[in-house]
Amino acid sequence: MAIATTSPVTGEVIKSFDELTPDQLEDKLARAAAAAAAYRLTSVEDRAGWLDRAADRLEKDADDVSRMITTEMGKTLRAAREEVAKCVHGLRFYATEGPGFLRDLPGDAGRVGAKQTFVTYQPIGVVLAVMPWNLPLWQAMRFAAPALMAGNVGVLKHASNVPQCALYLERLFREAGFPEDVFQTLLISARRVEEVLRDERVKAATLTGSEPAGRSVGTIAGEEIKKVVLELGGSDPFIVMPSADLERATDVAVRARTLNNGQSCINGKRFFVHEDIGDDFLERFTAKMAALVVGDPMDENTDVGPLATESGRSDVEAYVDDALGKGATALVGGARPDGPGWFYPPTVLTGVTPEMKMYHEEVFGPVAQVWTVSSLEEALEIANGHPYGLGSNLWSEDDDERALFVRDVQSGMAFINGNTTSYPEIPFGGVKRSGYGRELSDLGMREFMNAKTVWIGQDA
Ligand code: NAP
């Protein structure tokens, strides 16, 4: 894929960028390794200060950066502002809490015959981050903030359609005062990730993206015996039981499916509604989906902008056409509009069956699949039959149902009576083919640290 900013609203290429030459890439990796040797010895107080300065700087740049995000990948300006605010919060969170997460963890010395034993957390060096375009700032930030706080050095291979966001991030950390080369952007194509990951100066990798990309990076990391975190696809279940507040549940269902123009890994994608409230849910949900304003993402009144890429829209269209061709029904939407840009309307489908591709895969666009079920057990059985297990969502006032959901849903995250989202304060990640490892919170920070065990014997 060419490295370029291309407008999802018009399909026009706005600005193209040259890939790094082999010499330039070598120079960047050499600089990253040199930076890592010195940066690991900086104090946590200094790192926290630089993170705070980055937050201040991003707050100042918020308007321009939000417009840049919207220009590059088409999410609404409103959503882009929320994303930037979340990044500011994430930076401040790690500046404040990071020093505590990095404290030594004392062990029970008496039980191991020592005078003292503890675990000390140390940085591992240069970490490669391969990131997607859908939250072009936040996806990278949730790697960068804990990694830099931990004393690691980051090299970012961002998605090829968000080069301006990628370059902004490098600038942001440099201008916030972090030592030179502690965070660098590599403008390279996906096929050059292997070369970087196999380089001995690179110690670990994190990838957020599709299952094929995850499989490739996971395989290479395995061969090189390097730690890797994979945040891959999702087809999150959103289950609604009779005791739920239906007005709230349908408001959140619409947001869950259309947030980020329907292109979030944790969008609610499969809706399971108890048969006692099935008609009521569908009536409210379809009316609210149909009422969404689709259009120019810069317009403050727009709810849903275009999809980010032409191929992304073709993929969504192919999934829907396949389902409609095999007997599914579109209650709302279901066909691409005429005209420029990569728009696709909010769509509600019923009658999705295992013969249809979308049943087993992920539709990365504003397309909801709705089933009525006779029990929570039935909803969980279908939900858990999917290869992915990222987020999950239950709407219920019943304690037994909540407990069953928490115990049995196969997902990395279980949200009840609220939209699934990421917070720096709590861990984020999936199971099954949604990947492994955790981002955010103290767990995310420790993924890329050496938990060094220290044992000190009794004095002679
Ligand atoms: P993608 O094609 O996998 O791209 C993601 C990143 O990986 C880009 O930087 C891409 O570079 C690179 N890449 C692609 N193929 C690669 C390969 N074989 N080896 C190494 N790097 C490779 O993903 P996408 O379609 O843009 O993003 C959507 C997917 O990401 C969805 O499945 C979504 O659910 C998932 N996602 C997951 C999370 C999570 O936290 N679990 C969050 C957001 C998105 P190029 O752009 O140069 O191709």
# chains A, B, ... in the order shown; residues from 1 in each chain; ligands from 1
$ residues_near_ligand --ligand "ligand 1" --cutoff "6 Å" --atoms "only C-alpha atoms and all ligand atoms" --output "tab-separated table (two decimals) with all heavy atoms, in the first residue's frame"
chain	number	residue	atom	x	y	z
A	1	MET	N	0.86	-1.20	0.00
A	1	MET	CA	0.00	0.00	0.00
A	1	MET	C	0.90	1.25	0.00
A	1	MET	O	1.84	1.32	0.78
A	1	MET	CB	-0.87	-0.01	1.27
A	1	MET	CG	-2.07	0.92	1.20
A	1	MET	SD	-2.75	1.22	2.86
A	1	MET	CE	-4.14	0.13	2.86
A	130	VAL	N	3.44	-2.09	15.59
A	130	VAL	CA	2.78	-2.07	14.28
A	130	VAL	C	1.33	-1.75	14.54
A	130	VAL	O	0.64	-2.48	15.26
A	130	VAL	CB	2.92	-3.45	13.58
A	130	VAL	CG1	2.29	-3.40	12.19
A	130	VAL	CG2	4.38	-3.86	13.49
A	131	MET	N	0.87	-0.63	14.00
A	131	MET	CA	-0.42	-0.10	14.45
A	131	MET	C	-1.40	0.13	13.29
A	131	MET	O	-0.97	0.37	12.16
A	131	MET	CB	-0.19	1.21	15.20
A	131	MET	CG	0.47	0.99	16.54
A	131	MET	SD	-0.66	0.15	17.68
A	131	MET	CE	0.48	-0.89	18.61
A	132	PRO	N	-2.70	0.10	13.58
A	132	PRO	CA	-3.72	0.28	12.54
A	132	PRO	C	-4.19	1.74	12.48
A	132	PRO	O	-3.91	2.54	13.37
A	132	PRO	CB	-4.85	-0.61	13.03
A	132	PRO	CG	-4.79	-0.48	14.52
A	132	PRO	CD	-3.34	-0.23	14.88
A	133	TRP	N	-4.97	2.02	11.46
A	133	TRP	CA	-5.41	3.39	11.19
A	133	TRP	C	-6.69	3.77	11.93
A	133	TRP	O	-7.07	4.93	11.93
A	133	TRP	CB	-5.69	3.53	9.67
A	133	TRP	CG	-6.48	2.34	9.17
A	133	TRP	CD1	-5.97	1.23	8.56
A	133	TRP	CD2	-7.89	2.11	9.29
A	133	TRP	NE1	-6.98	0.31	8.31
A	133	TRP	CE2	-8.16	0.85	8.74
A	133	TRP	CE3	-8.95	2.87	9.83
A	133	TRP	CZ2	-9.45	0.31	8.71
A	133	TRP	CZ3	-10.23	2.32	9.80
A	133	TRP	CH2	-10.47	1.06	9.24
A	157	LYS	N	5.74	1.46	13.30
A	157	LYS	CA	5.36	1.28	11.90
A	157	LYS	C	3.83	1.45	11.90
A	157	LYS	O	3.08	0.55	12.31
A	157	LYS	CB	5.76	-0.11	11.38
A	157	LYS	CG	5.45	-0.32	9.89
A	157	LYS	CD	4.02	-0.81	9.69
A	157	LYS	CE	3.62	-1.04	8.28
A	157	LYS	NZ	3.09	0.16	7.60
A	158	HIS	N	3.39	2.61	11.47
A	158	HIS	CA	1.95	2.89	11.49
A	158	HIS	C	1.34	2.44	10.17
A	158	HIS	O	2.05	2.15	9.19
A	158	HIS	CB	1.73	4.39	11.73
A	158	HIS	CG	0.54	4.67	12.59
A	158	HIS	ND1	-0.61	3.92	12.53
A	158	HIS	CD2	0.29	5.65	13.51
A	158	HIS	CE1	-1.50	4.41	13.39
A	158	HIS	NE2	-0.97	5.44	14.01
A	159	ALA	N	0.01	2.41	10.12
A	159	ALA	CA	-0.68	2.03	8.88
A	159	ALA	C	-0.35	3.04	7.79
A	159	ALA	O	-0.19	4.25	8.05
A	159	ALA	CB	-2.18	1.99	9.12
A	160	SER	N	-0.29	2.55	6.55
A	160	SER	CA	0.21	3.37	5.45
A	160	SER	C	-0.72	4.53	5.09
A	160	SER	O	-0.30	5.46	4.40
A	160	SER	CB	0.42	2.50	4.21
A	160	SER	OG	1.45	1.59	4.46
A	189	SER	N	6.69	0.00	4.41
A	189	SER	CA	5.52	-0.82	4.06
A	189	SER	C	5.47	-2.05	4.96
A	189	SER	O	6.46	-2.39	5.63
A	189	SER	CB	5.61	-1.24	2.59
A	189	SER	OG	6.79	-2.01	2.44
A	190	ALA	N	4.33	-2.73	4.93
A	190	ALA	CA	4.13	-3.88	5.82
A	190	ALA	C	5.15	-4.99	5.55
A	190	ALA	O	5.59	-5.68	6.47
A	190	ALA	CB	2.71	-4.42	5.63
A	193	VAL	N	8.27	-5.12	7.79
A	193	VAL	CA	8.16	-5.36	9.23
A	193	VAL	C	9.04	-6.55	9.62
A	193	VAL	O	9.70	-6.54	10.67
A	193	VAL	CB	6.68	-5.61	9.63
A	193	VAL	CG1	6.57	-6.21	11.02
A	193	VAL	CG2	5.89	-4.30	9.54
A	208	THR	N	-1.33	-4.29	16.60
A	208	THR	CA	-2.78	-4.18	16.62
A	208	THR	C	-3.23	-4.16	15.18
A	208	THR	O	-2.77	-3.32	14.40
A	208	THR	CB	-3.24	-2.90	17.35
A	208	THR	OG1	-2.75	-2.93	18.68
A	208	THR	CG2	-4.74	-2.81	17.38
A	209	GLY	N	-4.09	-5.10	14.82
A	209	GLY	CA	-4.52	-5.15	13.43
A	209	GLY	C	-5.26	-6.43	13.13
A	209	GLY	O	-5.88	-7.03	14.02
A	210	SER	N	-5.18	-6.86	11.89
A	210	SER	CA	-5.97	-8.00	11.44
A	210	SER	C	-5.32	-9.32	11.83
A	210	SER	O	-4.13	-9.38	12.16
A	210	SER	CB	-6.10	-7.93	9.92
A	210	SER	OG	-4.81	-7.98	9.35
A	213	ALA	N	-2.16	-10.30	9.71
A	213	ALA	CA	-0.96	-9.54	10.12
A	213	ALA	C	-0.45	-10.07	11.45
A	213	ALA	O	0.76	-10.24	11.66
A	213	ALA	CB	-1.29	-8.06	10.22
A	216	SER	N	1.40	-13.37	11.04
A	216	SER	CA	2.72	-13.20	10.47
A	216	SER	C	3.71	-12.69	11.53
A	216	SER	O	4.80	-13.27	11.71
A	216	SER	CB	2.62	-12.22	9.28
A	216	SER	OG	3.88	-11.82	8.89
A	217	VAL	N	3.32	-11.65	12.23
A	217	VAL	CA	4.23	-11.08	13.24
A	217	VAL	C	4.46	-12.08	14.38
A	217	VAL	O	5.58	-12.24	14.88
A	217	VAL	CB	3.68	-9.72	13.74
A	217	VAL	CG1	4.33	-9.30	15.04
A	217	VAL	CG2	3.89	-8.66	12.67
A	231	GLU	N	-3.10	-7.66	19.39
A	231	GLU	CA	-4.48	-7.18	19.57
A	231	GLU	C	-5.13	-7.26	18.21
A	231	GLU	O	-4.89	-6.42	17.34
A	231	GLU	CB	-4.48	-5.72	20.05
A	231	GLU	CG	-3.85	-5.50	21.41
A	231	GLU	CD	-4.72	-6.00	22.55
A	231	GLU	OE1	-5.81	-6.55	22.29
A	231	GLU	OE2	-4.30	-5.85	23.70
A	232	LEU	N	-5.96	-8.29	18.00
A	232	LEU	CA	-6.45	-8.55	16.64
A	232	LEU	C	-7.96	-8.28	16.53
A	232	LEU	O	-8.49	-7.42	17.23
A	232	LEU	CB	-6.07	-9.97	16.24
A	232	LEU	CG	-4.58	-10.30	16.49
A	232	LEU	CD1	-4.26	-11.73	16.11
A	232	LEU	CD2	-3.67	-9.33	15.73
A	233	GLY	N	-8.61	-8.99	15.67
A	233	GLY	CA	-10.01	-8.67	15.37
A	233	GLY	C	-10.98	-9.01	16.49
A	233	GLY	O	-10.63	-9.65	17.48
A	234	GLY	N	-12.20	-8.56	16.29
A	234	GLY	CA	-13.26	-8.87	17.24
A	234	GLY	C	-14.60	-8.89	16.54
A	234	GLY	O	-14.79	-8.23	15.50
A	264	SER	N	-14.30	-0.24	14.70
A	264	SER	CA	-13.54	-0.44	15.93
A	264	SER	C	-13.52	-1.93	16.24
A	264	SER	O	-14.52	-2.62	16.00
A	264	SER	CB	-14.18	0.34	17.08
A	264	SER	OG	-13.63	-0.09	18.30
A	265	CYS	N	-12.39	-2.40	16.76
A	265	CYS	CA	-12.30	-3.83	17.10
A	265	CYS	C	-13.34	-4.18	18.15
A	265	CYS	O	-13.84	-5.31	18.18
A	265	CYS	CB	-10.91	-4.15	17.60
A	265	CYS	SG	-10.37	-3.07	18.91
$ closest_atom_pairs --of "region 350-426 of chain A" --to "region 81-85 of chain A" --cutoff "12 Å" --atoms "only C-alpha atoms" --output "JSON lines"
{"residue": "A:Thr421", "atom": "CA", "partner": "A:Glu83", "partner_atom": "CA", "distance": 11.7}
{"residue": "A:Ser422", "atom": "CA", "partner": "A:Glu83", "partner_atom": "CA", "distance": 11.0}
{"residue": "A:Tyr423", "atom": "CA", "partner": "A:Glu83", "partner_atom": "CA", "distance": 11.6}
$ write_last_selection --atoms "N, CA, C and O atoms" --output "CSV table (one decimal), in the first residue's frame"
chain,number,residue,atom,x,y,z
A,421,THR,N,-15.4,-0.2,26.1
A,421,THR,CA,-14.4,0.8,25.7
A,421,THR,C,-13.1,0.6,26.4
A,421,THR,O,-13.0,-0.3,27.2
A,422,SER,N,-12.1,1.3,26.0
A,422,SER,CA,-10.8,1.1,26.6
A,422,SER,C,-10.5,2.3,27.6
A,422,SER,O,-10.8,3.5,27.2
A,423,TYR,N,-10.0,2.0,28.7
A,423,TYR,CA,-9.6,3.0,29.7
A,423,TYR,C,-8.2,2.7,30.1
A,423,TYR,O,-7.8,1.5,30.3
$ closest_residue --among "A:Phe143, A:Tyr388, A:Tyr121, A:Phe173" --to "Ala55 (chain A)" --atoms "only C-alpha atoms"
A:Phe173
$ select_by_dssp --residues "region 20-236 of chain A" --states "strand (DSSP E or B)" --output "short mmCIF file (atom, residue, chain, number, x, y, z; two decimals) with N, CA and C atoms, in the first residue's frame"
data_model
loop_
_atom_site.label_atom_id
_atom_site.label_comp_id
_atom_site.auth_asym_id
_atom_site.auth_seq_id
_atom_site.Cartn_x
_atom_site.Cartn_y
_atom_site.Cartn_z
N LEU A 105 8.64 -5.28 43.77
CA LEU A 105 7.59 -6.08 44.42
C LEU A 105 8.23 -7.01 45.43
N PRO A 106 8.07 -6.76 46.74
CA PRO A 106 8.76 -7.61 47.72
C PRO A 106 8.19 -9.02 47.76
N GLN A 116 16.52 -11.12 51.83
CA GLN A 116 15.57 -10.28 51.12
C GLN A 116 15.32 -10.87 49.72
N THR A 117 14.10 -10.81 49.24
CA THR A 117 13.84 -11.17 47.84
C THR A 117 12.79 -10.21 47.30
N PHE A 118 12.96 -9.85 46.05
CA PHE A 118 11.98 -8.96 45.43
C PHE A 118 12.06 -9.09 43.91
N VAL A 119 11.03 -8.57 43.25
CA VAL A 119 11.04 -8.52 41.79
C VAL A 119 11.23 -7.06 41.40
N THR A 120 12.19 -6.82 40.51
CA THR A 120 12.39 -5.45 40.04
C THR A 120 12.10 -5.40 38.54
N TYR A 121 11.37 -4.38 38.12
CA TYR A 121 10.93 -4.29 36.72
C TYR A 121 11.88 -3.41 35.93
N GLN A 122 12.47 -3.98 34.87
CA GLN A 122 13.45 -3.24 34.09
C GLN A 122 13.06 -3.22 32.62
N PRO A 123 13.36 -2.12 31.92
CA PRO A 123 12.99 -2.04 30.50
C PRO A 123 13.76 -3.06 29.67
N VAL A 126 14.44 -1.70 22.72
CA VAL A 126 13.68 -1.17 21.59
C VAL A 126 12.48 -2.09 21.31
N VAL A 127 11.29 -1.50 21.29
CA VAL A 127 10.07 -2.27 21.00
C VAL A 127 9.44 -1.73 19.71
N LEU A 128 9.11 -2.66 18.82
CA LEU A 128 8.45 -2.29 17.56
C LEU A 128 6.94 -2.32 17.76
N ALA A 129 6.27 -1.23 17.35
CA ALA A 129 4.80 -1.19 17.40
C ALA A 129 4.27 -1.12 15.98
N VAL A 130 3.44 -2.09 15.59
CA VAL A 130 2.78 -2.07 14.28
C VAL A 130 1.33 -1.75 14.54
N VAL A 153 12.26 2.05 24.46
CA VAL A 153 12.33 2.95 23.31
C VAL A 153 11.37 2.40 22.26
N GLY A 154 10.63 3.28 21.57
CA GLY A 154 9.63 2.81 20.61
C GLY A 154 10.00 3.12 19.17
N VAL A 155 9.77 2.14 18.28
CA VAL A 155 9.79 2.44 16.85
C VAL A 155 8.41 2.04 16.31
N LEU A 156 7.78 2.99 15.63
CA LEU A 156 6.39 2.81 15.19
C LEU A 156 6.32 2.61 13.70
N LYS A 157 5.74 1.46 13.30
CA LYS A 157 5.36 1.28 11.90
C LYS A 157 3.83 1.45 11.90
N PHE A 183 11.54 7.88 20.60
CA PHE A 183 10.35 7.42 19.87
C PHE A 183 10.48 7.86 18.42
N GLN A 184 10.57 6.90 17.52
CA GLN A 184 10.71 7.23 16.09
C GLN A 184 9.63 6.56 15.27
N THR A 185 9.22 7.25 14.22
CA THR A 185 8.29 6.68 13.26
C THR A 185 9.08 6.15 12.07
N VAL A 202 16.12 -4.98 17.96
CA VAL A 202 14.70 -4.87 18.34
C VAL A 202 14.36 -6.05 19.24
N LYS A 203 13.85 -5.75 20.44
CA LYS A 203 13.72 -6.81 21.45
C LYS A 203 12.32 -7.41 21.55
N ALA A 204 11.31 -6.71 21.05
CA ALA A 204 9.93 -7.19 21.21
C ALA A 204 9.03 -6.42 20.25
N ALA A 205 7.79 -6.90 20.13
CA ALA A 205 6.86 -6.21 19.22
C ALA A 205 5.45 -6.26 19.76
N THR A 206 4.67 -5.27 19.36
CA THR A 206 3.24 -5.29 19.62
C THR A 206 2.55 -4.97 18.31
N LEU A 207 1.50 -5.71 18.01
CA LEU A 207 0.76 -5.43 16.76
C LEU A 207 -0.72 -5.35 17.08
N THR A 208 -1.33 -4.29 16.60
CA THR A 208 -2.78 -4.18 16.62
C THR A 208 -3.23 -4.16 15.18
N LYS A 227 9.33 -11.43 22.67
CA LYS A 227 8.00 -11.23 23.25
C LYS A 227 7.13 -10.45 22.27
N VAL A 228 5.85 -10.86 22.16
CA VAL A 228 4.94 -10.13 21.30
C VAL A 228 3.55 -10.03 21.94
N VAL A 229 2.91 -8.90 21.76
CA VAL A 229 1.52 -8.72 22.17
C VAL A 229 0.70 -8.55 20.90
N LEU A 230 -0.41 -9.29 20.78
CA LEU A 230 -1.25 -9.20 19.59
C LEU A 230 -2.66 -8.77 19.97
N GLU A 231 -3.10 -7.66 19.39
CA GLU A 231 -4.48 -7.18 19.57
C GLU A 231 -5.13 -7.26 18.21
N ASP A 236 -17.71 -8.62 18.64
CA ASP A 236 -18.22 -8.66 20.01
C ASP A 236 -19.73 -8.90 20.08
#
$ residues_around --residues "region 17-30 of chain A" --least-positions-apart "3" --cutoff "8 Å" --atoms "only C-alpha atoms" --output "ChimeraX atom specification"
/A:3-4,33-34,163,181,184,186-189,201
$ select_by_dssp --residues "region 98-204 of chain A" --states "helix (DSSP H, G or I)" --output "number ranges by chain"
A: 98-101, 109-112, 138-150, 163-175, 190-198
